[in-house]
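Data from entry-v9.pdb: PDB, C-alpha atoms and all ligand atoms
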ATOM      1  CA  MET A  20       2.739  19.006  11.242  1.00  0.00           C
ATOM      2  CA  ALA A  21       1.443  17.288   8.064  1.00  0.00           C
ATOM      3  CA  ARG A  22       0.397  13.723   8.717  1.00  0.00           C
ATOM      4  CA  ALA A  23      -0.653  11.414   5.885  1.00  0.00           C
ATOM      5  CA  VAL A  24      -2.087   7.905   5.680  1.00  0.00           C
ATOM      6  CA  TYR A  25      -1.041   5.631   2.829  1.00  0.00           C
ATOM      7  CA  PRO A  26      -3.636   2.817   2.784  1.00  0.00           C
ATOM      8  CA  GLY A  27      -3.688  -0.437   0.892  1.00  0.00           C
ATOM      9  CA  SER A  28      -3.969  -4.201   1.064  1.00  0.00           C
ATOM     10  CA  PHE A  29      -0.222  -4.627   0.461  1.00  0.00           C
ATOM     11  CA  ASP A  30      -0.768  -8.309  -0.405  1.00  0.00           C
ATOM     12  CA  PRO A  31       2.232  -8.215  -0.769  1.00  0.00           C
ATOM     13  CA  VAL A  32       4.029  -4.860  -0.738  1.00  0.00           C
ATOM     14  CA  THR A  33       5.755  -4.263  -4.088  1.00  0.00           C
ATOM     15  CA  ASN A  34       8.526  -1.985  -5.343  1.00  0.00           C
ATOM     16  CA  GLY A  35       5.757   0.304  -6.612  1.00  0.00           C
ATOM     17  CA  HIS A  36       4.368   0.698  -3.087  1.00  0.00           C
ATOM     18  CA  LEU A  37       7.854   1.209  -1.727  1.00  0.00           C
ATOM     19  CA  ASP A  38       8.466   4.002  -4.239  1.00  0.00           C
ATOM     20  CA  ILE A  39       5.313   5.807  -3.067  1.00  0.00           C
ATOM     21  CA  ILE A  40       6.309   5.329   0.596  1.00  0.00           C
ATOM     22  CA  ASP A  41       9.766   6.722  -0.104  1.00  0.00           C
ATOM     23  CA  ARG A  42       8.477   9.796  -1.945  1.00  0.00           C
ATOM     24  CA  ALA A  43       5.629  10.467   0.507  1.00  0.00           C
ATOM     25  CA  SER A  44       8.018  10.201   3.463  1.00  0.00           C
ATOM     26  CA  LYS A  45       9.901  13.177   2.010  1.00  0.00           C
ATOM     27  CA  VAL A  46       6.757  15.278   1.593  1.00  0.00           C
ATOM     28  CA  PHE A  47       5.008  14.646   4.922  1.00  0.00           C
ATOM     29  CA  ASP A  48       6.272  14.938   8.481  1.00  0.00           C
ATOM     30  CA  HIS A  49       4.697  11.645   9.418  1.00  0.00           C
ATOM     31  CA  LEU A  50       3.474   8.851   7.156  1.00  0.00           C
ATOM     32  CA  ILE A  51       1.204   6.089   8.408  1.00  0.00           C
ATOM     33  CA  VAL A  52       1.191   3.038   6.153  1.00  0.00           C
ATOM     34  CA  ALA A  53      -2.188   1.469   6.952  1.00  0.00           C
ATOM     35  CA  VAL A  54      -2.856  -2.140   6.022  1.00  0.00           C
ATOM     36  CA  LEU A  55      -6.578  -2.563   5.521  1.00  0.00           C
ATOM     37  CA  GLU A  56      -8.723  -5.482   4.507  1.00  0.00           C
ATOM     38  CA  ASN A  57     -10.118  -5.057   1.013  1.00  0.00           C
ATOM     39  CA  PRO A  58     -13.481  -6.878   1.010  1.00  0.00           C
ATOM     40  CA  ARG A  59     -13.259  -7.300  -2.777  1.00  0.00           C
ATOM     41  CA  LYS A  60     -10.119  -9.424  -2.489  1.00  0.00           C
ATOM     42  CA  ASN A  61      -9.168 -12.656  -0.739  1.00  0.00           C
ATOM     43  CA  ALA A  62      -5.806 -11.971   0.828  1.00  0.00           C
ATOM     44  CA  PHE A  63      -2.956 -14.405   0.132  1.00  0.00           C
ATOM     45  CA  PHE A  64      -0.885 -13.148   3.069  1.00  0.00           C
ATOM     46  CA  SER A  65      -2.314 -12.794   6.563  1.00  0.00           C
ATOM     47  CA  MET A  66      -2.589  -9.338   8.070  1.00  0.00           C
ATOM     48  CA  LYS A  67       0.313 -10.217  10.382  1.00  0.00           C
ATOM     49  CA  GLU A  68       2.501 -11.251   7.438  1.00  0.00           C
ATOM     50  CA  ARG A  69       1.676  -8.102   5.473  1.00  0.00           C
ATOM     51  CA  VAL A  70       2.430  -5.824   8.418  1.00  0.00           C
ATOM     52  CA  SER A  71       5.646  -7.683   9.158  1.00  0.00           C
ATOM     53  CA  MET A  72       6.850  -7.424   5.523  1.00  0.00           C
ATOM     54  CA  LEU A  73       6.144  -3.687   5.515  1.00  0.00           C
ATOM     55  CA  GLU A  74       7.840  -3.151   8.879  1.00  0.00           C
ATOM     56  CA  SER A  75      10.979  -4.824   7.637  1.00  0.00           C
ATOM     57  CA  ILE A  76      11.223  -2.532   4.616  1.00  0.00           C
ATOM     58  CA  VAL A  77      10.381   0.786   6.314  1.00  0.00           C
ATOM     59  CA  ASP A  78      12.639   0.118   9.284  1.00  0.00           C
ATOM     60  CA  HIS A  79      15.137   2.822   8.311  1.00  0.00           C
ATOM     61  CA  TYR A  80      12.592   5.660   7.954  1.00  0.00           C
ATOM     62  CA  ASN A  81      12.167   7.558  11.205  1.00  0.00           C
ATOM     63  CA  ASN A  82       8.890   9.198  10.103  1.00  0.00           C
ATOM     64  CA  VAL A  83       7.066   6.115   8.772  1.00  0.00           C
ATOM     65  CA  GLU A  84       4.972   3.708  10.828  1.00  0.00           C
ATOM     66  CA  VAL A  85       2.986   0.638   9.829  1.00  0.00           C
ATOM     67  CA  VAL A  86      -0.422  -0.163  11.295  1.00  0.00           C
ATOM     68  CA  CYS A  87      -3.307  -2.484  10.564  1.00  0.00           C
ATOM     69  CA  TYR A  88      -6.894  -1.337  10.716  1.00  0.00           C
ATOM     70  CA  LYS A  89     -10.290  -2.896  10.148  1.00  0.00           C
ATOM     71  CA  GLY A  90     -12.992  -0.411   9.270  1.00  0.00           C
ATOM     72  CA  LEU A  91     -13.421   2.790   7.334  1.00  0.00           C
ATOM     73  CA  LEU A  92     -10.204   4.406   6.217  1.00  0.00           C
ATOM     74  CA  ILE A  93     -11.572   7.882   6.769  1.00  0.00           C
ATOM     75  CA  GLU A  94     -12.367   7.099  10.402  1.00  0.00           C
ATOM     76  CA  TYR A  95      -8.868   5.795  10.950  1.00  0.00           C
ATOM     77  CA  ALA A  96      -7.351   8.908   9.359  1.00  0.00           C
ATOM     78  CA  GLN A  97      -9.427  11.134  11.609  1.00  0.00           C
ATOM     79  CA  SER A  98      -8.543   9.113  14.722  1.00  0.00           C
ATOM     80  CA  ARG A  99      -4.859   9.691  13.959  1.00  0.00           C
ATOM     81  CA  ASN A 100      -5.214  13.405  13.108  1.00  0.00           C
ATOM     82  CA  ALA A 101      -4.097  12.707   9.558  1.00  0.00           C
ATOM     83  CA  SER A 102      -5.528  15.261   7.115  1.00  0.00           C
ATOM     84  CA  ILE A 103      -4.271  13.572   3.959  1.00  0.00           C
ATOM     85  CA  ILE A 104      -4.794  10.185   2.299  1.00  0.00           C
ATOM     86  CA  ILE A 105      -2.070   9.306  -0.193  1.00  0.00           C
ATOM     87  CA  LYS A 106      -2.838   7.028  -3.123  1.00  0.00           C
ATOM     88  CA  GLY A 107      -0.575   5.883  -5.938  1.00  0.00           C
ATOM     89  CA  LEU A 108      -1.949   6.092  -9.486  1.00  0.00           C
ATOM     90  CA  ARG A 109      -0.478   3.777 -12.095  1.00  0.00           C
ATOM     91  CA  ALA A 110      -2.692   4.180 -15.124  1.00  0.00           C
ATOM     92  CA  ILE A 111      -6.018   5.421 -16.361  1.00  0.00           C
ATOM     93  CA  SER A 112      -7.459   2.056 -15.299  1.00  0.00           C
ATOM     94  CA  ASP A 113      -6.778   2.962 -11.648  1.00  0.00           C
ATOM     95  CA  PHE A 114      -8.399   6.341 -11.986  1.00  0.00           C
ATOM     96  CA  GLU A 115     -12.095   5.563 -12.085  1.00  0.00           C
ATOM     97  CA  PHE A 116     -12.187   3.541  -8.888  1.00  0.00           C
ATOM     98  CA  GLU A 117      -9.765   5.819  -7.046  1.00  0.00           C
ATOM     99  CA  PHE A 118     -11.809   8.847  -8.073  1.00  0.00           C
ATOM    100  CA  GLN A 119     -14.940   7.215  -6.648  1.00  0.00           C
ATOM    101  CA  MET A 120     -13.132   6.319  -3.401  1.00  0.00           C
ATOM    102  CA  ALA A 121     -11.813   9.861  -3.063  1.00  0.00           C
ATOM    103  CA  LEU A 122     -15.306  11.306  -3.515  1.00  0.00           C
ATOM    104  CA  VAL A 123     -16.853   8.866  -1.022  1.00  0.00           C
ATOM    105  CA  ASN A 124     -14.167   9.637   1.512  1.00  0.00           C
ATOM    106  CA  ARG A 125     -14.657  13.374   1.018  1.00  0.00           C
ATOM    107  CA  LYS A 126     -18.411  12.926   1.466  1.00  0.00           C
ATOM    108  CA  LEU A 127     -17.753  11.098   4.736  1.00  0.00           C
ATOM    109  CA  ASN A 128     -15.280  13.705   5.969  1.00  0.00           C
ATOM    110  CA  CYS A 129     -14.499  16.844   3.989  1.00  0.00           C
ATOM    111  CA  ASN A 130     -11.548  17.712   6.235  1.00  0.00           C
ATOM    112  CA  VAL A 131      -9.461  14.839   4.929  1.00  0.00           C
ATOM    113  CA  GLU A 132      -8.014  15.388   1.456  1.00  0.00           C
ATOM    114  CA  THR A 133      -7.055  12.560  -0.925  1.00  0.00           C
ATOM    115  CA  MET A 134      -3.846  13.263  -2.847  1.00  0.00           C
ATOM    116  CA  PHE A 135      -2.497  11.158  -5.705  1.00  0.00           C
ATOM    117  CA  MET A 136       1.097  10.455  -6.582  1.00  0.00           C
ATOM    118  CA  MET A 137       1.828   9.305 -10.121  1.00  0.00           C
ATOM    119  CA  THR A 138       3.732   6.078 -10.089  1.00  0.00           C
ATOM    120  CA  ASN A 139       7.349   6.005 -11.154  1.00  0.00           C
ATOM    121  CA  ASN A 140       7.251   4.727 -14.761  1.00  0.00           C
ATOM    122  CA  MET A 141       9.695   1.957 -13.763  1.00  0.00           C
ATOM    123  CA  TYR A 142       6.950   0.445 -11.616  1.00  0.00           C
ATOM    124  CA  SER A 143       3.778   1.330 -13.498  1.00  0.00           C
ATOM    125  CA  TYR A 144       3.139  -2.268 -14.588  1.00  0.00           C
ATOM    126  CA  ILE A 145       3.599  -3.798 -11.125  1.00  0.00           C
ATOM    127  CA  SER A 146       0.699  -4.832  -8.927  1.00  0.00           C
ATOM    128  CA  SER A 147       0.416  -7.225  -5.996  1.00  0.00           C
ATOM    129  CA  SER A 148      -1.814  -9.464  -8.149  1.00  0.00           C
ATOM    130  CA  ILE A 149       0.759  -9.651 -10.955  1.00  0.00           C
ATOM    131  CA  VAL A 150       3.507 -10.452  -8.444  1.00  0.00           C
ATOM    132  CA  LYS A 151       1.462 -13.324  -6.983  1.00  0.00           C
ATOM    133  CA  GLU A 152       0.552 -14.658 -10.411  1.00  0.00           C
ATOM    134  CA  VAL A 153       4.126 -14.640 -11.740  1.00  0.00           C
ATOM    135  CA  ALA A 154       5.449 -16.148  -8.482  1.00  0.00           C
ATOM    136  CA  SER A 155       2.807 -18.888  -8.472  1.00  0.00           C
ATOM    137  CA  TYR A 156       4.144 -20.131 -11.838  1.00  0.00           C
ATOM    138  CA  GLY A 157       7.733 -19.978 -10.651  1.00  0.00           C
ATOM    139  CA  GLY A 158       8.565 -16.772 -12.547  1.00  0.00           C
ATOM    140  CA  ASP A 159      11.294 -14.392 -11.441  1.00  0.00           C
ATOM    141  CA  ILE A 160       9.874 -11.609  -9.267  1.00  0.00           C
ATOM    142  CA  ARG A 161      13.173 -10.263  -7.922  1.00  0.00           C
ATOM    143  CA  ASP A 162      12.804  -6.928  -9.736  1.00  0.00           C
ATOM    144  CA  LEU A 163       9.206  -6.507  -8.613  1.00  0.00           C
ATOM    145  CA  VAL A 164       9.428  -6.684  -4.824  1.00  0.00           C
ATOM    146  CA  PRO A 165      11.917  -5.760  -2.084  1.00  0.00           C
ATOM    147  CA  PRO A 166      14.434  -8.565  -1.306  1.00  0.00           C
ATOM    148  CA  GLN A 167      12.876  -9.383   2.083  1.00  0.00           C
ATOM    149  CA  VAL A 168       9.489  -9.828   0.442  1.00  0.00           C
ATOM    150  CA  TYR A 169      11.004 -12.004  -2.286  1.00  0.00           C
ATOM    151  CA  GLN A 170      12.305 -14.414   0.357  1.00  0.00           C
ATOM    152  CA  ILE A 171       8.972 -14.581   2.175  1.00  0.00           C
ATOM    153  CA  ILE A 172       7.042 -15.250  -1.055  1.00  0.00           C
ATOM    154  CA  ARG A 173       9.481 -17.988  -2.063  1.00  0.00           C
ATOM    155  CA  GLU A 174       9.116 -19.652   1.345  1.00  0.00           C
ATOM    156  CA  LYS A 175       5.331 -19.381   1.309  1.00  0.00           C
ATOM    157  CA  LEU A 176       5.036 -20.830  -2.190  1.00  0.00           C
ATOM    158  CA  SER A 177       7.484 -23.694  -1.645  1.00  0.00           C
ATOM    159  CA  PRO A 178       7.031 -24.849   1.951  1.00  0.00           C
ATOM    160  CA  ARG A 179       9.463 -27.513   3.133  1.00  0.00           C
TER     161      ARG A 179
HETATM  162  O1  LIG B   1      -4.459  -1.936  -2.145  1.00  0.00           O
HETATM  163  P1  LIG B   1      -5.953  -1.853  -2.382  1.00  0.00           P
HETATM  164  O2  LIG B   1      -6.592  -3.212  -2.237  1.00  0.00           O
HETATM  165  O3  LIG B   1      -6.281  -1.197  -3.689  1.00  0.00           O
HETATM  166  O4  LIG B   1      -6.529  -0.910  -1.211  1.00  0.00           O
HETATM  167  C1  LIG B   1      -7.901  -0.617  -1.121  1.00  0.00           C
HETATM  168  C2  LIG B   1      -8.224  -0.057   0.264  1.00  0.00           C
HETATM  169  C3  LIG B   1      -7.882  -1.100   1.342  1.00  0.00           C
HETATM  170  C4  LIG B   1      -7.415   1.202   0.515  1.00  0.00           C
HETATM  171  C5  LIG B   1      -9.748   0.271   0.300  1.00  0.00           C
HETATM  172  O5  LIG B   1     -10.481  -0.894   0.011  1.00  0.00           O
HETATM  173  C6  LIG B   1     -10.195   0.851   1.644  1.00  0.00           C
HETATM  174  O6  LIG B   1      -9.993   2.030   1.902  1.00  0.00           O
HETATM  175  N1  LIG B   1     -10.776  -0.004   2.510  1.00  0.00           N
HETATM  176  C7  LIG B   1     -11.240   0.385   3.827  1.00  0.00           C
HETATM  177  C8  LIG B   1     -12.767   0.571   3.865  1.00  0.00           C
HETATM  178  C9  LIG B   1     -13.109   1.948   3.327  1.00  0.00           C
HETATM  179  O7  LIG B   1     -12.861   2.940   3.961  1.00  0.00           O
HETATM  180  N2  LIG B   1     -13.652   1.988   2.085  1.00  0.00           N
HETATM  181  C10 LIG B   1     -13.884   3.242   1.371  1.00  0.00           C
HETATM  182  C11 LIG B   1     -15.251   3.813   1.588  1.00  0.00           C
HETATM  183  S1  LIG B   1     -16.522   2.783   0.950  1.00  0.00           S
END

In structure tokens, what does this structure look like?
Amino acid sequence: MARAVYPGSFDPVTNGHLDIIDRASKVFDHLIVAVLENPRKNAFFSMKERVSMLESIVDHYNNVEVVCYKGLLIEYAQSRNASIIIKGLRAISDFEFEFQMALVNRKLNCNVETMFMMTNNMYSYISSSIVKEVASYGGDIRDLVPPQVYQIIREKLSPR
């Protein structure tokens, strides 16, 4: 049974992430979407909010689960018997850092393979940072994130 972990900050989850989740769910028997803290970024949404947004959008997949984890990704993957880490690649600019991460993770555990999925070209320009920036200036982000996430961002940015 092929089990894969799809890690990220998901701050917030975008249509680009959702596309990777959808495609990976068809390739692997079980997909674990792991929400991790990224020490290089200050999260806008709490861990609870990020997990809850993801849970609401993967609800209809019977082979996808959402978890949160603090610590090394490779250790989490091993603890869940997942032999594959899935990463989405949008552009050359993603490559250098992802390549380094993949090599570090392989150094830490050579039994876990990192596999990359090329982003759907419809979503190649979307990132969580761009979504937050556009939303913070009142721009329309409806085509960038799932509808449930759109509502949550609107509420968070314009509290009553
Ligand atoms: O969505 P992001 O912010 O690009 O995701 C990055 C993330 C969270 C996957 C990465 O920072 C990560 O794997 N963090 C966990 C700690 C870890 O294992 N780091 C890699 C070895 S140094």

Close residues to ligand LIG 1 (chain B) using only C-alpha atoms and all ligand atoms, limit 7 Å, as a ChimeraX atom specification = /A:26-29,54-58,90-93,120,123-124

inquiry  = Report, in Å to a single decimal, how far apart CA of Phe47 in chain A and CA of Glu132 in chain A are.
reply    = 13.5 Å

Interatomic distance (Å, one decimal) between CA of Glu117 in chain A and CA of Asp48 in chain A = 24.1 Å

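For the file at hand, the PyMOL selection byres (((chain A and resi 44) around 12) and not hetatm) resolves to Ala21, Arg22, Ala23, Val24, Tyr25, Leu37, Asp38, Ile39, Ile40, Asp41, Arg42, Ala43, Lys45, Val46, Phe47, Asp48, His49, Leu50, Ile51, Val52, Val77, His79, Tyr80, Asn81, Asn82, Val83, Glu84 and Ile105 of chain A.
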
Resulting file, chosen residues, C-alpha atoms, as a compact mmCIF listing (two decimals), keeping the file's coordinate frame:
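That gives us selection.txt:
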# COMPACT_ATOMS: atom_id res chain seq x y z
CA ALA A 21 1.44 17.29 8.06
CA ARG A 22 0.40 13.72 8.72
CA ALA A 23 -0.65 11.41 5.88
CA VAL A 24 -2.09 7.90 5.68
CA TYR A 25 -1.04 5.63 2.83
CA LEU A 37 7.85 1.21 -1.73
CA ASP A 38 8.47 4.00 -4.24
CA ILE A 39 5.31 5.81 -3.07
CA ILE A 40 6.31 5.33 0.60
CA ASP A 41 9.77 6.72 -0.10
CA ARG A 42 8.48 9.80 -1.94
CA ALA A 43 5.63 10.47 0.51
CA LYS A 45 9.90 13.18 2.01
CA VAL A 46 6.76 15.28 1.59
CA PHE A 47 5.01 14.65 4.92
CA ASP A 48 6.27 14.94 8.48
CA HIS A 49 4.70 11.64 9.42
CA LEU A 50 3.47 8.85 7.16
CA ILE A 51 1.20 6.09 8.41
CA VAL A 52 1.19 3.04 6.15
CA VAL A 77 10.38 0.79 6.31
CA HIS A 79 15.14 2.82 8.31
CA TYR A 80 12.59 5.66 7.95
CA ASN A 81 12.17 7.56 11.20
CA ASN A 82 8.89 9.20 10.10
CA VAL A 83 7.07 6.12 8.77
CA GLU A 84 4.97 3.71 10.83
CA ILE A 105 -2.07 9.31 -0.19

query = Hey, can you check how far CA of Arg109 in chain A sits from CA of Ser143 in chain A?
reply =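 Taking CA of Arg109 in chain A as the start and CA of Ser143 in chain A as the end point, the length is 5.1 Å.
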
key: Selection result of the PyMOL selection byres (((chain A and resi 68) around 12) and not hetatm) on this file, as a ChimeraX atom specification   = /A:28-32,54,62-67,69-75,87,167-168,171-172,175

Name the residues that the PyMOL selection byres (((chain A and resi 154) around 12) and not hetatm) pulls out of this structure, and write them as a PDB file with C-alpha atoms, keeping the file's coordinate frame.
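Saved result, out-v8.pdb, follows:
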ATOM      1  CA  PRO A  31       2.232  -8.215  -0.769  1.00  0.00           C
ATOM      2  CA  SER A 147       0.416  -7.225  -5.996  1.00  0.00           C
ATOM      3  CA  SER A 148      -1.814  -9.464  -8.149  1.00  0.00           C
ATOM      4  CA  ILE A 149       0.759  -9.651 -10.955  1.00  0.00           C
ATOM      5  CA  VAL A 150       3.507 -10.452  -8.444  1.00  0.00           C
ATOM      6  CA  LYS A 151       1.462 -13.324  -6.983  1.00  0.00           C
ATOM      7  CA  GLU A 152       0.552 -14.658 -10.411  1.00  0.00           C
ATOM      8  CA  VAL A 153       4.126 -14.640 -11.740  1.00  0.00           C
ATOM      9  CA  SER A 155       2.807 -18.888  -8.472  1.00  0.00           C
ATOM     10  CA  TYR A 156       4.144 -20.131 -11.838  1.00  0.00           C
ATOM     11  CA  GLY A 157       7.733 -19.978 -10.651  1.00  0.00           C
ATOM     12  CA  GLY A 158       8.565 -16.772 -12.547  1.00  0.00           C
ATOM     13  CA  ASP A 159      11.294 -14.392 -11.441  1.00  0.00           C
ATOM     14  CA  ILE A 160       9.874 -11.609  -9.267  1.00  0.00           C
ATOM     15  CA  ARG A 161      13.173 -10.263  -7.922  1.00  0.00           C
ATOM     16  CA  ASP A 162      12.804  -6.928  -9.736  1.00  0.00           C
ATOM     17  CA  LEU A 163       9.206  -6.507  -8.613  1.00  0.00           C
ATOM     18  CA  VAL A 164       9.428  -6.684  -4.824  1.00  0.00           C
ATOM     19  CA  VAL A 168       9.489  -9.828   0.442  1.00  0.00           C
ATOM     20  CA  TYR A 169      11.004 -12.004  -2.286  1.00  0.00           C
ATOM     21  CA  GLN A 170      12.305 -14.414   0.357  1.00  0.00           C
ATOM     22  CA  ILE A 171       8.972 -14.581   2.175  1.00  0.00           C
ATOM     23  CA  ILE A 172       7.042 -15.250  -1.055  1.00  0.00           C
ATOM     24  CA  ARG A 173       9.481 -17.988  -2.063  1.00  0.00           C
ATOM     25  CA  GLU A 174       9.116 -19.652   1.345  1.00  0.00           C
ATOM     26  CA  LYS A 175       5.331 -19.381   1.309  1.00  0.00           C
ATOM     27  CA  LEU A 176       5.036 -20.830  -2.190  1.00  0.00           C
ATOM     28  CA  SER A 177       7.484 -23.694  -1.645  1.00  0.00           C
TER      29      SER A 177
END

inquiry  = Given only C-alpha atoms as the basis, pick out the residue of A:Asn100, A:Pro165, A:Met20, A:Phe114 nearest to Val131 in chain A.
reply    =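 Among the listed residues, the smallest separation from Val131 in chain A belongs to A:Asn100.
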
message = Measuring between all atoms listed in the file, which one of A:Val86, A:Leu108, A:Met141, A:Ala96 shows the shortest distance to Leu127 in chain A?
response =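 Of all the options, A:Ala96 lies closest to Leu127 in chain A.
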
Find the axis-aligned box for range 46-57 of chain A, covering all its listed atoms and adding 6 Å on each side, and write its centre and edge lengths in Å to one decimal as lines of an AutoDock Vina configuration file.
center_x = -1.7
center_y = 4.9
center_z = 5.2
size_x = 28.9
size_y = 32.8
size_z = 20.4

inquiry  = I want to know what sits within 8 Å of Met134 in chain A, based on all atoms listed in the file, with residues of the same chain fewer than 5 positions away left out; could you give that as a PyMOL selection string?
reply    = chain A and resi 103-106

task = Check the smallest atom-to-atom distance from each of A:Asn128, A:Asn139, A:Thr133, A:Ser146 to Asp113 in chain A using all atoms listed in the file, then report the winner.
result =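 That would be A:Ser146, the residue with the smallest distance to Asp113 in chain A.
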